[in-house]
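Student: So here's my_file_8.cif, just mmCIF, C-alpha atoms:
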```
data_start
loop_
_atom_site.label_atom_id
_atom_site.label_comp_id
_atom_site.auth_asym_id
_atom_site.auth_seq_id
_atom_site.Cartn_x
_atom_site.Cartn_y
_atom_site.Cartn_z
CA MET H 900 10.08 40.08 -55.88
CA ALA H 901 13.27 40.56 -53.93
CA LEU H 902 15.70 41.51 -56.66
CA LEU H 903 18.18 44.32 -56.18
CA SER H 904 16.64 46.06 -59.15
CA SER H 905 13.46 46.53 -57.10
CA PHE H 906 15.21 48.54 -54.39
CA THR H 907 15.75 52.25 -54.01
CA THR H 908 19.11 53.48 -52.76
CA VAL H 909 19.02 56.05 -49.97
CA THR H 910 22.12 57.86 -48.76
CA LEU H 911 22.11 58.93 -45.13
CA PRO H 912 23.77 62.25 -44.37
CA ARG H 913 27.00 62.11 -42.37
CA THR H 914 27.29 58.36 -42.66
CA GLN H 915 27.04 58.12 -46.45
CA THR H 916 25.59 54.65 -45.89
CA PRO H 917 22.89 53.53 -48.29
CA LEU H 918 19.68 51.77 -47.39
CA PHE H 919 17.74 49.71 -49.89
CA TYR H 920 13.97 49.92 -49.68
CA ARG H 921 11.97 47.33 -51.53
CA LYS H 922 9.47 48.95 -53.86
CA TYR H 923 6.28 46.96 -54.23
CA PRO H 924 2.64 48.04 -54.05
CA SER H 925 1.35 47.86 -50.48
CA PRO H 926 -1.46 49.77 -48.77
CA LYS H 927 0.00 48.95 -45.37
CA LEU H 928 3.43 50.13 -44.29
CA LYS H 929 4.97 53.38 -45.40
CA VAL H 930 8.53 53.36 -44.12
CA PRO H 931 9.38 56.11 -44.42
CA HIS H 932 6.22 56.93 -46.38
CA LEU H 933 7.47 55.55 -49.68
CA PHE H 934 4.14 54.17 -50.86
CA GLN H 935 0.68 55.51 -51.47
CA SER H 936 -2.33 53.24 -51.75
CA ASN H 937 -1.65 50.50 -54.31
CA ARG H 938 0.84 52.35 -56.42
CA ILE H 939 4.52 53.03 -56.01
CA VAL H 940 5.52 56.59 -55.26
CA ALA H 941 9.14 57.05 -56.30
CA PHE H 942 10.54 60.11 -54.54
CA SER H 943 13.69 61.75 -55.79
CA ALA H 944 16.78 60.84 -53.80
CA PRO H 945 17.16 64.29 -52.14
CA LYS H 946 13.57 64.28 -50.88
CA LEU H 947 13.89 60.76 -49.58
CA ASN H 948 17.20 61.57 -47.95
CA ASP H 949 15.60 64.53 -46.17
CA GLN H 950 12.92 62.25 -44.72
CA ILE H 951 15.51 59.87 -43.31
CA ALA H 952 17.73 62.72 -42.19
CA SER H 953 14.91 64.17 -40.11
CA LYS H 954 14.93 60.93 -38.15
CA SER H 955 18.72 60.73 -37.99
CA THR H 956 19.15 64.11 -36.29
CA ASN H 957 17.56 62.64 -33.16
CA GLN H 958 20.05 59.78 -32.82
CA ILE H 959 22.25 61.25 -30.08
CA PRO H 960 21.39 59.79 -26.65
CA ASP H 961 21.25 61.97 -23.54
CA LEU H 962 21.53 61.26 -19.83
CA GLN H 963 17.85 61.94 -19.31
CA HIS H 964 17.00 58.78 -21.25
CA GLU H 965 19.68 56.46 -19.90
CA PRO H 966 18.12 53.10 -18.99
CA GLN H 967 17.39 51.91 -15.49
CA THR H 968 18.11 48.31 -14.55
CA ARG H 969 15.37 46.41 -12.73
CA THR H 970 14.34 42.86 -11.90
CA TRP H 971 11.03 41.12 -12.38
CA ASN H 972 9.88 37.92 -10.71
CA TRP H 973 8.57 35.52 -13.33
CA ARG H 974 7.33 32.15 -12.17
CA GLY H 975 9.74 32.31 -9.24
CA TYR H 976 12.75 33.31 -11.36
CA SER H 977 14.56 36.65 -11.29
CA ILE H 978 14.51 38.36 -14.68
CA ARG H 979 16.74 41.34 -15.42
CA TYR H 980 15.43 44.08 -17.69
CA GLN H 981 16.20 47.67 -18.56
CA CYS H 982 13.76 50.49 -19.20
CA ALA H 983 13.77 54.13 -20.24
CA GLY H 984 11.26 56.72 -21.43
CA ASN H 985 7.99 57.83 -19.89
CA ASP H 986 5.72 58.55 -22.85
CA GLY H 987 4.66 57.09 -26.16
CA PRO H 988 4.16 53.55 -27.43
CA ALA H 989 5.85 50.66 -25.66
CA LEU H 990 8.80 48.89 -27.29
CA VAL H 991 10.24 45.62 -26.02
CA LEU H 992 13.71 44.79 -27.34
CA VAL H 993 14.60 41.09 -27.54
CA HIS H 994 18.22 39.99 -27.89
CA GLY H 995 19.68 37.02 -29.73
CA PHE H 996 21.51 33.84 -28.75
CA GLY H 997 24.23 34.36 -26.15
CA ALA H 998 23.45 38.07 -25.82
CA ASN H 999 21.47 40.16 -23.33
CA SER H 1000 19.74 43.51 -22.97
CA ASN H 1001 23.08 45.38 -22.93
CA HIS H 1002 23.33 44.56 -26.62
CA TRP H 1003 20.72 47.33 -27.09
CA ARG H 1004 22.74 49.98 -25.24
CA LYS H 1005 23.04 52.10 -28.41
CA ASN H 1006 19.32 51.98 -29.07
CA ILE H 1007 17.54 52.37 -25.74
CA PRO H 1008 18.49 56.02 -24.96
CA VAL H 1009 17.67 57.16 -28.50
CA LEU H 1010 14.36 55.33 -28.84
CA ALA H 1011 13.34 56.40 -25.32
CA LYS H 1012 13.06 60.02 -26.46
CA SER H 1013 9.68 59.25 -28.02
CA ASN H 1014 8.79 55.80 -26.67
CA ARG H 1015 8.65 53.72 -23.51
CA VAL H 1016 11.48 51.28 -24.10
CA TYR H 1017 12.10 47.97 -22.35
CA ALA H 1018 14.92 45.51 -23.02
CA ILE H 1019 14.66 42.09 -21.41
CA ASP H 1020 17.14 39.34 -20.61
CA LEU H 1021 15.48 36.12 -21.71
CA ILE H 1022 15.56 33.48 -19.02
CA GLY H 1023 18.85 31.61 -19.24
CA TYR H 1024 20.68 34.62 -20.68
CA GLY H 1025 22.27 37.81 -19.47
CA TYR H 1026 21.68 38.44 -15.80
CA SER H 1027 18.38 36.59 -15.59
CA ASP H 1028 18.24 33.31 -13.70
CA LYS H 1029 19.64 30.24 -15.43
CA PRO H 1030 17.82 27.23 -14.00
CA ASN H 1031 19.25 23.85 -14.91
CA PRO H 1032 16.43 22.05 -16.77
CA ARG H 1033 17.58 18.70 -15.44
CA GLN H 1034 17.38 19.87 -11.87
CA ILE H 1035 13.86 21.21 -12.33
CA GLY H 1036 12.78 18.09 -14.19
CA ASP H 1037 12.07 19.79 -17.50
CA ASP H 1038 14.35 18.78 -20.36
CA SER H 1039 12.45 21.05 -22.76
CA PHE H 1040 12.65 24.24 -20.71
CA TYR H 1041 14.75 26.43 -23.01
CA THR H 1042 12.42 26.58 -25.98
CA PHE H 1043 10.65 29.27 -27.96
CA ASP H 1044 7.45 28.37 -26.14
CA THR H 1045 9.08 29.29 -22.83
CA TRP H 1046 10.57 32.54 -24.11
CA ALA H 1047 7.36 33.55 -25.89
CA ALA H 1048 5.41 33.02 -22.67
CA GLN H 1049 8.01 35.10 -20.81
CA LEU H 1050 7.71 37.92 -23.35
CA ASN H 1051 3.91 38.02 -23.24
CA ASP H 1052 3.82 37.86 -19.45
CA PHE H 1053 6.37 40.69 -19.36
CA CYS H 1054 4.01 42.84 -21.40
CA LEU H 1055 1.16 42.01 -19.04
CA ASP H 1056 3.01 42.37 -15.74
CA VAL H 1057 5.64 45.05 -16.38
CA VAL H 1058 4.76 47.00 -19.51
CA LYS H 1059 1.04 46.72 -18.73
CA ASP H 1060 0.26 47.49 -22.34
CA GLN H 1061 0.51 46.24 -25.89
CA ALA H 1062 3.98 46.61 -27.31
CA PHE H 1063 6.05 46.66 -30.46
CA PHE H 1064 8.67 43.90 -30.45
CA VAL H 1065 12.13 44.75 -31.80
CA CYS H 1066 14.10 41.52 -32.15
CA ASN H 1067 17.50 40.30 -33.29
CA SER H 1068 18.50 36.79 -34.39
CA ILE H 1069 16.72 34.09 -32.34
CA GLY H 1070 14.91 36.93 -30.61
CA GLY H 1071 12.99 37.29 -33.87
CA VAL H 1072 11.64 33.75 -33.52
CA VAL H 1073 10.72 34.54 -29.91
CA GLY H 1074 8.84 37.67 -31.00
CA LEU H 1075 6.98 35.88 -33.77
CA GLN H 1076 6.03 33.00 -31.48
CA ALA H 1077 4.79 35.43 -28.83
CA ALA H 1078 2.71 37.30 -31.41
CA VAL H 1079 1.14 34.05 -32.63
CA VAL H 1080 0.30 32.84 -29.12
CA ALA H 1081 -1.09 36.17 -27.87
CA PRO H 1082 -1.78 38.44 -30.86
CA GLN H 1083 -3.56 40.97 -28.66
CA MET H 1084 -0.26 41.85 -26.95
CA CYS H 1085 1.76 42.76 -30.05
CA ARG H 1086 1.23 45.92 -32.11
CA GLY H 1087 3.97 45.11 -34.60
CA ILE H 1088 7.33 43.39 -34.97
CA ILE H 1089 10.66 44.66 -36.28
CA ILE H 1090 13.01 41.79 -37.04
CA LEU H 1091 16.75 42.25 -37.51
CA ASN H 1092 18.57 39.35 -39.17
CA ILE H 1093 16.26 36.68 -37.80
CA SER H 1094 17.75 33.25 -37.26
CA LEU H 1095 17.02 31.01 -40.24
CA ARG H 1096 17.45 28.00 -37.95
CA MET H 1097 19.47 26.12 -40.55
CA LEU H 1098 20.31 23.40 -38.00
CA HIS H 1099 16.63 22.65 -37.41
CA ILE H 1100 15.91 18.95 -37.69
CA LYS H 1101 13.38 19.59 -40.48
CA LYS H 1102 16.09 21.14 -42.63
CA GLN H 1103 18.44 18.17 -42.38
CA PRO H 1104 18.50 15.22 -44.82
CA TRP H 1105 17.02 12.02 -43.44
CA TYR H 1106 20.34 10.23 -43.36
CA ALA H 1107 21.93 12.94 -41.18
CA LYS H 1108 19.27 13.04 -38.48
CA PRO H 1109 20.55 10.06 -36.44
CA PHE H 1110 24.08 11.49 -36.43
CA ILE H 1111 22.80 14.91 -35.35
CA ARG H 1112 20.92 13.41 -32.42
CA SER H 1113 23.98 11.39 -31.41
CA PHE H 1114 26.18 14.46 -31.53
CA GLN H 1115 23.68 16.43 -29.45
CA ARG H 1116 23.63 13.71 -26.81
CA LEU H 1117 27.44 13.72 -26.79
CA LEU H 1118 27.49 17.45 -26.07
CA ARG H 1119 24.71 17.44 -23.54
CA ASP H 1120 25.37 14.20 -21.66
CA THR H 1121 29.16 13.95 -21.52
CA ALA H 1122 32.14 16.06 -20.50
CA VAL H 1123 32.69 16.95 -24.15
CA GLY H 1124 30.03 19.65 -23.96
CA LYS H 1125 31.54 21.32 -20.90
CA PHE H 1126 34.98 21.21 -22.52
CA PHE H 1127 33.56 22.83 -25.65
CA PHE H 1128 31.86 25.58 -23.66
CA LYS H 1129 35.02 26.25 -21.66
CA ALA H 1130 36.91 26.74 -24.91
CA VAL H 1131 34.28 29.16 -26.22
CA ALA H 1132 33.83 31.19 -23.02
CA THR H 1133 37.08 33.15 -23.25
CA LYS H 1134 37.78 36.72 -24.30
CA GLU H 1135 39.76 35.59 -27.31
CA SER H 1136 37.06 33.18 -28.53
CA VAL H 1137 34.24 35.66 -28.00
CA ARG H 1138 36.17 38.35 -29.86
CA ASN H 1139 36.85 35.98 -32.76
CA ILE H 1140 33.19 34.98 -32.96
CA LEU H 1141 32.05 38.60 -32.90
CA CYS H 1142 34.57 39.51 -35.61
CA GLN H 1143 32.95 36.85 -37.77
CA CYS H 1144 29.42 38.22 -37.45
CA TYR H 1145 30.27 41.96 -37.42
CA HIS H 1146 31.21 43.24 -40.84
CA ASP H 1147 32.86 46.32 -39.33
CA THR H 1148 35.22 44.66 -36.88
CA SER H 1149 36.18 48.02 -35.37
CA MET H 1150 32.81 47.81 -33.60
CA VAL H 1151 34.01 44.74 -31.71
CA THR H 1152 35.33 46.61 -28.69
CA ASP H 1153 36.52 45.41 -25.31
CA GLU H 1154 33.22 46.66 -23.90
CA LEU H 1155 31.24 44.50 -26.33
CA VAL H 1156 33.34 41.42 -25.58
CA GLU H 1157 32.67 41.85 -21.86
CA ILE H 1158 28.95 42.42 -22.47
CA ILE H 1159 28.70 39.06 -24.21
CA LEU H 1160 31.23 37.11 -22.14
CA ASN H 1161 30.58 38.09 -18.52
CA PRO H 1162 27.05 36.66 -18.18
CA GLY H 1163 28.36 33.46 -19.76
CA LEU H 1164 30.71 32.99 -16.84
CA GLU H 1165 27.86 32.85 -14.33
CA PRO H 1166 26.70 29.55 -12.80
CA GLY H 1167 24.30 27.69 -15.08
CA ALA H 1168 25.40 29.44 -18.28
CA ALA H 1169 27.14 26.35 -19.65
CA GLU H 1170 24.04 24.18 -19.23
CA VAL H 1171 21.87 26.78 -20.99
CA PHE H 1172 24.35 27.07 -23.84
CA LEU H 1173 24.45 23.32 -24.37
CA GLU H 1174 20.69 22.95 -24.09
CA PHE H 1175 20.07 25.49 -26.82
CA ILE H 1176 22.67 24.29 -29.30
CA CYS H 1177 21.09 20.85 -28.90
CA TYR H 1178 17.61 22.30 -29.49
CA SER H 1179 16.82 21.51 -33.11
CA GLY H 1180 13.04 21.45 -32.82
CA GLY H 1181 10.42 24.13 -32.30
CA PRO H 1182 9.02 26.60 -34.82
CA LEU H 1183 10.66 27.98 -37.95
CA PRO H 1184 10.22 31.60 -39.07
CA GLU H 1185 8.52 30.45 -42.27
CA GLU H 1186 5.97 28.56 -40.15
CA LEU H 1187 5.23 31.52 -37.88
CA LEU H 1188 5.07 34.39 -40.38
CA PRO H 1189 1.86 33.13 -42.06
CA GLN H 1190 0.17 33.03 -38.64
CA VAL H 1191 1.13 36.55 -37.55
CA THR H 1192 -1.67 39.11 -37.74
CA CYS H 1193 0.31 42.23 -36.79
CA PRO H 1194 2.53 44.18 -39.23
CA VAL H 1195 6.12 42.99 -39.62
CA LEU H 1196 9.19 44.86 -40.84
CA ILE H 1197 12.29 42.82 -41.66
CA ALA H 1198 15.71 44.48 -41.87
CA TRP H 1199 18.80 42.50 -42.84
CA GLY H 1200 22.49 43.26 -42.73
CA ASP H 1201 23.67 42.00 -46.10
CA LYS H 1202 27.12 40.94 -44.84
CA ASP H 1203 25.75 38.46 -42.30
CA PRO H 1204 27.86 35.28 -42.67
CA TRP H 1205 25.53 33.20 -40.50
CA GLU H 1206 22.13 34.09 -41.92
CA PRO H 1207 22.57 34.70 -45.68
CA ILE H 1208 20.43 37.48 -47.03
CA GLU H 1209 19.77 35.44 -50.18
CA LEU H 1210 17.67 33.11 -48.02
CA GLY H 1211 16.30 35.88 -45.83
CA ARG H 1212 14.75 37.68 -48.79
CA ASN H 1213 12.21 34.88 -49.07
CA TYR H 1214 10.59 36.08 -45.86
CA GLY H 1215 9.62 39.31 -47.58
CA LYS H 1216 7.03 37.41 -49.62
CA PHE H 1217 4.75 36.70 -46.66
CA ASP H 1218 1.61 38.82 -46.41
CA SER H 1219 2.40 39.90 -42.84
CA VAL H 1220 5.75 41.39 -43.93
CA GLU H 1221 5.16 44.95 -45.03
CA ASP H 1222 8.71 45.71 -46.06
CA PHE H 1223 12.11 44.09 -46.35
CA VAL H 1224 15.00 46.52 -45.82
CA VAL H 1225 18.58 45.71 -46.76
CA LEU H 1226 21.29 47.24 -44.56
CA PRO H 1227 24.41 47.33 -46.73
CA ASN H 1228 27.80 46.45 -45.27
CA VAL H 1229 26.27 45.38 -41.96
CA GLY H 1230 26.57 42.00 -40.27
CA HIS H 1231 24.40 39.87 -38.00
CA CYS H 1232 23.74 42.43 -35.23
CA PRO H 1233 22.61 45.64 -36.95
CA GLN H 1234 21.29 47.25 -33.77
CA ASP H 1235 24.82 47.38 -32.36
CA GLU H 1236 26.92 47.64 -35.51
CA ALA H 1237 24.72 50.21 -37.27
CA PRO H 1238 22.38 51.89 -34.76
CA HIS H 1239 22.30 54.99 -36.97
CA LEU H 1240 20.39 52.87 -39.50
CA VAL H 1241 18.29 50.79 -37.15
CA ASN H 1242 17.01 53.49 -34.80
CA PRO H 1243 15.37 55.61 -37.56
CA LEU H 1244 13.76 52.48 -39.02
CA VAL H 1245 12.27 51.58 -35.66
CA GLU H 1246 11.02 55.13 -35.09
CA SER H 1247 9.42 55.31 -38.55
CA PHE H 1248 7.72 51.92 -38.25
CA VAL H 1249 6.36 52.67 -34.78
CA ALA H 1250 5.19 56.15 -35.76
CA CYS H 1251 3.35 54.70 -38.77
CA HIS H 1252 1.47 52.13 -36.70
CA ALA H 1253 0.93 54.11 -33.51
CA LYS H 1254 -1.09 57.01 -34.89
CA SER H 1255 -4.20 55.83 -33.05
CA TYR H 1256 -2.19 54.90 -29.96
CA VAL H 1257 -3.68 55.54 -26.54
CA GLN H 1258 -1.31 54.88 -23.63
CA GLN H 1259 -2.73 52.60 -20.98
CA PRO H 1260 -2.77 54.10 -17.46
CA SER H 1261 -0.27 52.50 -15.10
CA SER H 1262 -1.68 50.77 -12.06
#
```
Would you mind giving the structure from this file in structure tokens?
Tutor:
Amino acid sequence: MALLSSFTTVTLPRTQTPLFYRKYPSPKLKVPHLFQSNRIVAFSAPKLNDQIASKSTNQIPDLQHEPQTRTWNWRGYSIRYQCAGNDGPALVLVHGFGANSNHWRKNIPVLAKSNRVYAIDLIGYGYSDKPNPRQIGDDSFYTFDTWAAQLNDFCLDVVKDQAFFVCNSIGGVVGLQAAVVAPQMCRGIIILNISLRMLHIKKQPWYAKPFIRSFQRLLRDTAVGKFFFKAVATKESVRNILCQCYHDTSMVTDELVEIILNPGLEPGAAEVFLEFICYSGGPLPEELLPQVTCPVLIAWGDKDPWEPIELGRNYGKFDSVEDFVVLPNVGHCPQDEAPHLVNPLVESFVACHAKSYVQQPSS
């Protein structure tokens, strides 16, 4: 079902970068209008290129749609978010592990031309508060349950509307969990290189589980963890890590390194980092996808060294997933490495599912 032979190659003008669209009968998603009813409609390459090109011509941001930075009080904690755009469907962008809403800086101004766009810093990350779970008496604070609740409350309190979730890495698990818990809040989900959670306790052999728990306690309860974080939280280490997960290492700029590193130098960041890398429970994507009732689009950079696309293709078999799109020569963070591919995909998916959209009046 997910063989390369079942994909159509599309060449984007100017970039000459191909996309691969899975061709299988589906009455649901048409991104960008490849399918009709229950039969495959195979357009010629030029016609298909023109459809994508029409989206690509709108990919230059302008000052009018530059994001504003705001804070939101959630359960007594200060949450940083960015927003742009006054009209159209609502989009909430959810970052991955160790990142923040600035990781969407190449997407927000473009998507805000036709949508109301919000990008949130999950609690514990970016410039949102980073409460120490031990000080608040909650050793299971940094979980997908917490972040899903934050995302749904954000839609209720700030967006004041249903929203499309656009998620990268662990943000994809957050978006799926939020959609399962409160399906009425989510109109659809676009997932970019979702975390496979290969270190989840369920995916480990029985004989390794005691050693994993011991290692987690070592990191979390001794000075070893703080020493490890101190070694990671440097410009050189962050750059090296980013060069691993970005296929095009020229995209790893000084600006990007600072975007990722600077929030990690704030008080509480080390404790959050150690809590999450020791978090091997919670939901798996393959457990959440069967429960999701809204449409899902999965896009995957095929050069991701952390989340192999060979495993990711399996997610395309779930009924909720309307299409699986391969982004060639792109790594783990497509929204930043290849925004010229991601932004048109988001716009097409949202346009397809927002035809009957009625914007809720702000109060």
Student: Using the chain letters and numbers from the file, give me the residues hit by the PyMOL selection byres ((chain H and resi 1041) around 7), as a PyMOL selection string.
Tutor: chain H and resi 1039-1040+1042+1045+1174-1175
Student: Once the PyMOL selection byres ((chain H and resi 992) around 7) is applied to the coordinates I shared, what remains selected? I want it as JSON, numbers by chain.
Tutor: {"H": [990, 991, 993, 994, 1017, 1018, 1019, 1064, 1065, 1066]}
Student: Name all residues at most 8 Å from Asn1228 of chain H (count only C-alpha atoms; drop same-chain ones fewer than 3 positions away) and give them as a list in words.
Tutor: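 Returned residues: His1146, Asp1147, Gly1200, Asp1201 and Lys1202 of chain H.
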Student: Report as JSON lines the residues of segment 964-1067 of chain H within 10 Å of segment 1092-1104 of chain H, each with its shortest atom pair and distance in Å (one decimal), using only C-alpha atoms, ordered by chain and increasing residue number.
Tutor:
```
{"residue": "H:Gly995", "atom": "CA", "partner": "H:Ser1094", "partner_atom": "CA", "distance": 8.6}
{"residue": "H:Phe996", "atom": "CA", "partner": "H:Ser1094", "partner_atom": "CA", "distance": 9.3}
{"residue": "H:Cys1066", "atom": "CA", "partner": "H:Ile1093", "partner_atom": "CA", "distance": 7.7}
{"residue": "H:Asn1067", "atom": "CA", "partner": "H:Ile1093", "partner_atom": "CA", "distance": 5.9}
```
Student: In Å to one decimal, how far is atom CA of Pro1238 of chain H from atom CA of Val1171 of chain H?
Tutor: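 Going from atom CA of Val1171 of chain H over to atom CA of Pro1238 of chain H, I get 28.6 Å.
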Student: Using only C-alpha atoms, find the one residue out of H:Glu1221, H:Asp1020, H:Glu1246, H:Glu1154 that sits nearest to Gly1070 of chain H.
Tutor: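 Among H:Glu1221, H:Asp1020, H:Glu1246, H:Glu1154, it is H:Asp1020 that comes nearest to Gly1070 of chain H.
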Student: Using the chain letters and numbers from the file, give me the residues hit by the PyMOL selection byres ((chain H and resi 1084-1089) around 10), as a ChimeraX atom specification.
Tutor: /H:988-992,1050-1052,1054-1055,1059-1067,1071,1074-1075,1077-1083,1090-1093,1191-1198,1219-1220,1241,1244-1245,1248-1249,1252-1253,1256
Student: Can you pull out every residue within 9 Å of segment 978-984 of chain H, counting only C-alpha atoms, but drop anything in the same chain fewer than 5 positions away, and send it as a ChimeraX atom specification?
Tutor: /H:963-973,1000-1001,1007-1008,1010-1022,1025-1028
Student: Of the candidates H:Ala998, H:Asp1120, H:Gln1076, H:Asn985, which shows the shortest atom-to-atom distance to Val1058 of chain H, using all atoms listed in the file?
Tutor: H:Asn985
Student: Record the distance separating atom CA of Pro1189 of chain H and atom CA of Phe1043 of chain H, expressed in Å with one decimal.
Tutor: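 Atom CA of Phe1043 of chain H lies 17.1 Å from atom CA of Pro1189 of chain H.
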Student: Can you work out the spacing between atom CA of Leu1226 of chain H and atom CA of Glu1157 of chain H in Å, to one decimal?
Tutor: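 Those two atoms sit 26.0 Å apart.
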Student: For each of H:Val1137, H:Leu1164, H:Ser1247, H:Ala1169, take the minimum atom-to-atom distance to Ala1122 of chain H, counting all atoms listed in the file, then give the residue where this is smallest.
Tutor: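 Of the candidates, the smallest distance to Ala1122 of chain H is held by H:Ala1169.
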Student: Considering all atoms listed in the file, can you say which of H:Lys1216, H:His1231, H:Lys1005, H:His1239 comes closest to Cys1142 of chain H?
Tutor: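 Among the listed residues, H:His1231 lies closest to Cys1142 of chain H.
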Student: Which one is closest to Ser1068 of chain H: H:Glu1206, H:Glu1236, H:Asp1218, H:Asp1044? Count all atoms listed in the file.
Tutor: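 So, comparing all the options, the nearest one is H:Glu1206.
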Student: Closest to Val1131 of chain H among H:Ala1107, H:Leu1117, H:Leu1210, H:Leu1160, using only C-alpha atoms?
Tutor: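 Closest to Val1131 of chain H of all the choices is H:Leu1160.
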Student: Could you work out an axis-aligned box for segment 1161-1174 of chain H, taking every atom the file lists and adding 6 Å on each side, and report centre and edge lengths in Å to one decimal, as JSON?
Tutor:
```
{"center_x": 25.7, "center_y": 30.5, "center_z": -18.6, "size_x": 22.0, "size_y": 27.1, "size_z": 23.6}
```
